[in-house]
file input04.cif (mmCIF, N, CA and C atoms)
data_model
#
loop_
_atom_site.label_atom_id
_atom_site.label_comp_id
_atom_site.auth_asym_id
_atom_site.auth_seq_id
_atom_site.Cartn_x
_atom_site.Cartn_y
_atom_site.Cartn_z
N MET A 118 -15.27 5.05 -0.55
CA MET A 118 -13.91 5.51 -0.76
C MET A 118 -13.89 6.76 -1.63
N ARG A 119 -14.76 6.83 -2.61
CA ARG A 119 -14.70 7.94 -3.54
C ARG A 119 -15.24 9.23 -2.95
N SER A 120 -15.95 9.15 -1.82
CA SER A 120 -16.48 10.36 -1.20
C SER A 120 -15.37 11.14 -0.49
N ASN A 121 -14.28 10.50 -0.16
CA ASN A 121 -13.17 11.16 0.50
C ASN A 121 -11.91 10.91 -0.33
N GLU A 122 -11.49 11.92 -1.07
CA GLU A 122 -10.36 11.76 -1.99
C GLU A 122 -9.06 11.41 -1.27
N LYS A 123 -8.87 11.97 -0.09
CA LYS A 123 -7.65 11.69 0.67
C LYS A 123 -7.59 10.22 1.07
N PHE A 124 -8.71 9.70 1.58
CA PHE A 124 -8.77 8.29 1.97
C PHE A 124 -8.65 7.39 0.75
N HIS A 125 -9.31 7.76 -0.34
CA HIS A 125 -9.24 6.99 -1.58
C HIS A 125 -7.79 6.87 -2.06
N HIS A 126 -7.09 7.97 -2.07
CA HIS A 126 -5.68 7.96 -2.50
C HIS A 126 -4.83 7.12 -1.55
N TRP A 127 -5.07 7.28 -0.24
CA TRP A 127 -4.27 6.55 0.76
C TRP A 127 -4.46 5.05 0.62
N ILE A 128 -5.70 4.59 0.51
CA ILE A 128 -5.94 3.15 0.49
C ILE A 128 -5.47 2.52 -0.83
N HIS A 129 -5.57 3.25 -1.92
CA HIS A 129 -5.11 2.70 -3.20
C HIS A 129 -3.60 2.69 -3.32
N HIS A 130 -2.92 3.50 -2.53
CA HIS A 130 -1.46 3.54 -2.55
C HIS A 130 -0.84 2.87 -1.32
N HIS A 131 -1.66 2.26 -0.50
CA HIS A 131 -1.18 1.54 0.68
C HIS A 131 -0.37 0.33 0.21
N PRO A 132 0.79 0.05 0.84
CA PRO A 132 1.62 -1.05 0.37
C PRO A 132 0.97 -2.43 0.46
N HIS A 133 0.08 -2.64 1.41
CA HIS A 133 -0.54 -3.96 1.56
C HIS A 133 -1.95 -4.00 0.97
N LEU A 134 -2.73 -2.97 1.19
CA LEU A 134 -4.12 -2.98 0.74
C LEU A 134 -4.28 -2.54 -0.71
N GLY A 135 -3.41 -1.66 -1.17
CA GLY A 135 -3.51 -1.12 -2.52
C GLY A 135 -3.53 -2.18 -3.62
N PRO A 136 -2.57 -3.11 -3.63
CA PRO A 136 -2.58 -4.14 -4.67
C PRO A 136 -3.83 -5.01 -4.65
N ILE A 137 -4.36 -5.29 -3.48
CA ILE A 137 -5.57 -6.11 -3.37
C ILE A 137 -6.75 -5.37 -3.99
N ILE A 138 -6.90 -4.11 -3.63
CA ILE A 138 -8.02 -3.31 -4.14
C ILE A 138 -7.87 -3.07 -5.64
N ASN A 139 -6.67 -2.76 -6.08
CA ASN A 139 -6.46 -2.52 -7.51
C ASN A 139 -6.69 -3.78 -8.33
N ASN A 140 -6.29 -4.93 -7.81
CA ASN A 140 -6.53 -6.20 -8.51
C ASN A 140 -8.03 -6.45 -8.63
N TRP A 141 -8.77 -6.16 -7.57
CA TRP A 141 -10.21 -6.36 -7.61
C TRP A 141 -10.86 -5.38 -8.57
N ASN A 142 -10.46 -4.10 -8.52
CA ASN A 142 -11.06 -3.10 -9.40
C ASN A 142 -10.74 -3.37 -10.87
N THR A 143 -9.54 -3.86 -11.16
CA THR A 143 -9.12 -4.09 -12.53
C THR A 143 -9.65 -5.40 -13.09
N HIS A 144 -9.52 -6.48 -12.32
CA HIS A 144 -9.80 -7.82 -12.84
C HIS A 144 -10.99 -8.51 -12.17
N LYS A 145 -11.57 -7.87 -11.15
CA LYS A 145 -12.64 -8.51 -10.35
C LYS A 145 -12.18 -9.88 -9.85
N ALA A 146 -10.95 -9.91 -9.33
CA ALA A 146 -10.35 -11.16 -8.87
C ALA A 146 -9.44 -10.88 -7.69
N VAL A 147 -9.06 -11.96 -7.00
CA VAL A 147 -8.10 -11.88 -5.90
C VAL A 147 -6.88 -12.71 -6.26
N SER A 148 -5.78 -12.46 -5.59
CA SER A 148 -4.58 -13.26 -5.83
C SER A 148 -4.72 -14.61 -5.13
N SER A 149 -3.95 -15.58 -5.57
CA SER A 149 -4.02 -16.91 -4.96
C SER A 149 -3.56 -16.86 -3.51
N ALA A 150 -2.56 -16.03 -3.21
CA ALA A 150 -2.09 -15.90 -1.83
C ALA A 150 -3.19 -15.31 -0.94
N MET A 151 -3.91 -14.32 -1.45
CA MET A 151 -4.99 -13.71 -0.68
C MET A 151 -6.12 -14.71 -0.47
N LYS A 152 -6.38 -15.54 -1.46
CA LYS A 152 -7.43 -16.54 -1.33
C LYS A 152 -7.05 -17.58 -0.26
N LYS A 153 -5.79 -18.00 -0.24
CA LYS A 153 -5.34 -18.95 0.79
C LYS A 153 -5.47 -18.35 2.18
N ARG A 154 -5.04 -17.09 2.34
CA ARG A 154 -5.17 -16.42 3.64
C ARG A 154 -6.63 -16.30 4.04
N GLY A 155 -7.48 -16.00 3.07
CA GLY A 155 -8.91 -15.90 3.36
C GLY A 155 -9.50 -17.21 3.84
N PHE A 156 -9.11 -18.31 3.19
CA PHE A 156 -9.60 -19.62 3.62
C PHE A 156 -9.14 -19.93 5.04
N ILE A 157 -7.90 -19.62 5.35
CA ILE A 157 -7.36 -19.90 6.69
C ILE A 157 -8.10 -19.07 7.74
N LEU A 158 -8.24 -17.77 7.50
CA LEU A 158 -8.92 -16.91 8.47
C LEU A 158 -10.40 -17.25 8.60
N LEU A 159 -11.02 -17.60 7.49
CA LEU A 159 -12.43 -18.01 7.52
C LEU A 159 -12.60 -19.26 8.37
N THR A 160 -11.74 -20.24 8.16
CA THR A 160 -11.82 -21.49 8.91
C THR A 160 -11.57 -21.27 10.40
N ILE A 161 -10.55 -20.48 10.73
CA ILE A 161 -10.24 -20.22 12.14
C ILE A 161 -11.40 -19.51 12.83
N SER A 162 -11.96 -18.49 12.18
CA SER A 162 -13.04 -17.73 12.82
C SER A 162 -14.29 -18.59 13.00
N PHE A 163 -14.61 -19.43 12.01
CA PHE A 163 -15.79 -20.28 12.16
C PHE A 163 -15.55 -21.41 13.16
N LEU A 164 -14.33 -21.92 13.24
CA LEU A 164 -14.04 -22.92 14.26
C LEU A 164 -14.20 -22.34 15.66
N PHE A 165 -13.71 -21.13 15.85
CA PHE A 165 -13.86 -20.46 17.14
C PHE A 165 -15.34 -20.27 17.47
N SER A 166 -16.11 -19.82 16.49
CA SER A 166 -17.55 -19.63 16.71
C SER A 166 -18.24 -20.95 17.02
N PHE A 167 -17.84 -22.00 16.30
CA PHE A 167 -18.43 -23.32 16.52
C PHE A 167 -18.16 -23.82 17.94
N ILE A 168 -16.94 -23.64 18.41
CA ILE A 168 -16.57 -24.08 19.75
C ILE A 168 -17.31 -23.29 20.82
N MET A 169 -17.52 -22.00 20.58
CA MET A 169 -18.14 -21.14 21.59
C MET A 169 -19.66 -21.30 21.67
N MET A 170 -20.28 -21.89 20.66
CA MET A 170 -21.74 -22.04 20.68
C MET A 170 -22.15 -23.14 21.66
N PRO A 171 -23.01 -22.82 22.62
CA PRO A 171 -23.38 -23.82 23.62
C PRO A 171 -24.50 -24.77 23.18
N ILE A 172 -25.28 -24.37 22.20
CA ILE A 172 -26.46 -25.15 21.81
C ILE A 172 -26.21 -25.79 20.44
N TRP A 173 -26.59 -27.06 20.29
CA TRP A 173 -26.28 -27.82 19.08
C TRP A 173 -26.88 -27.22 17.82
N TRP A 174 -28.12 -26.68 17.90
CA TRP A 174 -28.73 -26.13 16.70
C TRP A 174 -28.06 -24.83 16.27
N MET A 175 -27.47 -24.12 17.22
CA MET A 175 -26.70 -22.93 16.86
C MET A 175 -25.42 -23.34 16.12
N ARG A 176 -24.84 -24.44 16.55
CA ARG A 176 -23.65 -24.95 15.87
C ARG A 176 -23.99 -25.35 14.43
N LEU A 177 -25.18 -25.92 14.22
CA LEU A 177 -25.60 -26.25 12.86
C LEU A 177 -25.73 -24.99 12.01
N GLY A 178 -26.21 -23.91 12.62
CA GLY A 178 -26.30 -22.63 11.91
C GLY A 178 -24.93 -22.10 11.53
N VAL A 179 -23.96 -22.24 12.43
CA VAL A 179 -22.60 -21.81 12.14
C VAL A 179 -22.01 -22.64 11.00
N VAL A 180 -22.24 -23.94 11.03
CA VAL A 180 -21.74 -24.81 9.95
C VAL A 180 -22.40 -24.45 8.62
N ALA A 181 -23.69 -24.17 8.63
CA ALA A 181 -24.39 -23.79 7.40
C ALA A 181 -23.85 -22.46 6.88
N GLY A 182 -23.65 -21.50 7.77
CA GLY A 182 -23.09 -20.21 7.36
C GLY A 182 -21.68 -20.35 6.80
N PHE A 183 -20.89 -21.21 7.43
CA PHE A 183 -19.53 -21.46 6.96
C PHE A 183 -19.58 -22.08 5.56
N ALA A 184 -20.45 -23.04 5.35
CA ALA A 184 -20.53 -23.71 4.05
C ALA A 184 -20.91 -22.72 2.94
N VAL A 185 -21.87 -21.85 3.21
CA VAL A 185 -22.30 -20.88 2.21
C VAL A 185 -21.17 -19.89 1.91
N LEU A 186 -20.57 -19.34 2.94
CA LEU A 186 -19.50 -18.37 2.75
C LEU A 186 -18.29 -19.01 2.08
N PHE A 187 -17.95 -20.22 2.49
CA PHE A 187 -16.82 -20.94 1.88
C PHE A 187 -17.08 -21.17 0.39
N PHE A 188 -18.30 -21.55 0.03
CA PHE A 188 -18.65 -21.78 -1.37
C PHE A 188 -18.48 -20.51 -2.20
N PHE A 189 -19.01 -19.39 -1.72
CA PHE A 189 -18.89 -18.15 -2.47
C PHE A 189 -17.45 -17.66 -2.53
N PHE A 190 -16.71 -17.83 -1.46
CA PHE A 190 -15.30 -17.43 -1.46
C PHE A 190 -14.49 -18.31 -2.41
N TYR A 191 -14.83 -19.58 -2.46
CA TYR A 191 -14.15 -20.52 -3.36
C TYR A 191 -14.36 -20.13 -4.82
N ARG A 192 -15.52 -19.58 -5.13
CA ARG A 192 -15.85 -19.23 -6.50
C ARG A 192 -15.24 -17.92 -6.97
N LEU A 193 -14.59 -17.15 -6.09
CA LEU A 193 -13.95 -15.91 -6.51
C LEU A 193 -12.86 -16.22 -7.52
N PRO A 194 -12.80 -15.47 -8.60
CA PRO A 194 -11.75 -15.71 -9.59
C PRO A 194 -10.38 -15.32 -9.04
N VAL A 195 -9.36 -16.02 -9.54
CA VAL A 195 -7.99 -15.76 -9.10
C VAL A 195 -7.23 -15.11 -10.25
N HIS A 196 -6.53 -14.04 -9.91
CA HIS A 196 -5.66 -13.36 -10.87
C HIS A 196 -4.41 -12.93 -10.11
N ASP A 197 -3.27 -13.48 -10.49
CA ASP A 197 -2.01 -13.12 -9.85
C ASP A 197 -1.31 -12.07 -10.69
N PRO A 198 -1.15 -10.85 -10.18
CA PRO A 198 -0.48 -9.80 -10.95
C PRO A 198 0.96 -10.16 -11.34
N VAL A 199 1.63 -10.99 -10.55
CA VAL A 199 3.00 -11.38 -10.87
C VAL A 199 3.04 -12.17 -12.16
N SER A 200 2.01 -12.97 -12.41
CA SER A 200 1.98 -13.77 -13.63
C SER A 200 1.90 -12.88 -14.86
N ASP A 201 1.27 -11.70 -14.75
CA ASP A 201 1.22 -10.76 -15.87
C ASP A 201 2.61 -10.30 -16.25
N VAL A 202 3.45 -10.03 -15.25
CA VAL A 202 4.81 -9.58 -15.51
C VAL A 202 5.61 -10.71 -16.15
N ALA A 203 5.45 -11.93 -15.67
CA ALA A 203 6.17 -13.07 -16.23
C ALA A 203 5.74 -13.33 -17.67
N GLU A 204 4.44 -13.20 -17.96
CA GLU A 204 3.94 -13.40 -19.32
C GLU A 204 4.47 -12.31 -20.24
N ALA A 205 4.55 -11.08 -19.75
CA ALA A 205 5.05 -9.98 -20.58
C ALA A 205 6.52 -10.19 -20.91
N ASP A 206 7.29 -10.72 -19.94
CA ASP A 206 8.72 -11.00 -20.18
C ASP A 206 8.89 -12.11 -21.20
N GLU A 207 8.02 -13.12 -21.16
CA GLU A 207 8.11 -14.24 -22.09
C GLU A 207 7.77 -13.82 -23.51
N ASN A 208 6.88 -12.84 -23.65
CA ASN A 208 6.47 -12.39 -24.97
C ASN A 208 7.50 -11.49 -25.65
N HIS A 209 8.45 -10.97 -24.88
CA HIS A 209 9.45 -10.07 -25.47
C HIS A 209 10.73 -10.76 -25.73
#
call {"tool": "encode", "arguments": {"input": "input04.cif", "output": "structure tokens"}}
result
Amino acid sequence: MRSNEKFHHWIHHHPHLGPIINNWNTHKAVSSAMKKRGFILLTISFLFSFIMMPIWWMRLGVVAGFAVLFFFFYRLPVHDPVSDVAEADENH
């Protein structure tokens, strides 16, 4: 992103992608809503792959890959930017 300043500016100011990227760059975390969407999309894509695999040992590989990816995704820290605003209002 930093090699192209125009793209860097566009993606950081994008209404949907900007907050996700800024949250990651600032806090090294994702929002709880993004984590829920990630779990749903991860599950759907692995279920589709599992169904499409014709050989049982390939299905075991898909399940193993899903388990590893699910574990690492589960361990991502959660930081909701909205909670920062609510906490700031409570402190004033």
call {"tool": "select_by_dssp", "arguments": {"input": "input04.cif", "residues": "range 122-202 of chain A", "states": "alpha helix (DSSP H)", "output": "PyMOL selection string"}}
result
chain A and resi 122-129+134-144+149-169+173-191+198-202
call {"tool": "atom_distance", "arguments": {"input": "input04.cif", "atom1": "atom C of Ser162 in chain A", "atom2": "CA of Phe189 in chain A"}}
result
16.1 Å
call {"tool": "atom_distance", "arguments": {"input": "input04.cif", "atom1": "CA of Thr160 in chain A", "atom2": "CA of Leu186 in chain A"}}
result
10.3 Å
call {"tool": "atom_distance", "arguments": {"input": "input04.cif", "atom1": "CA of Pro194 in chain A", "atom2": "CA of Phe156 in chain A"}}
result
13.9 Å
call {"tool": "closest_residue", "arguments": {"input": "input04.cif", "among": "A:Val179, A:Thr143, A:Leu159, A:Ser149", "to": "Pro198 in chain A", "atoms": "all atoms listed in the file"}}
result
A:Ser149
call {"tool": "closest_residue", "arguments": {"input": "input04.cif", "among": "A:Glu122, A:Ile138, A:Ile128, A:Phe163", "to": "Gly182 in chain A", "atoms": "only N, CA and C atoms"}}
result
A:Phe163
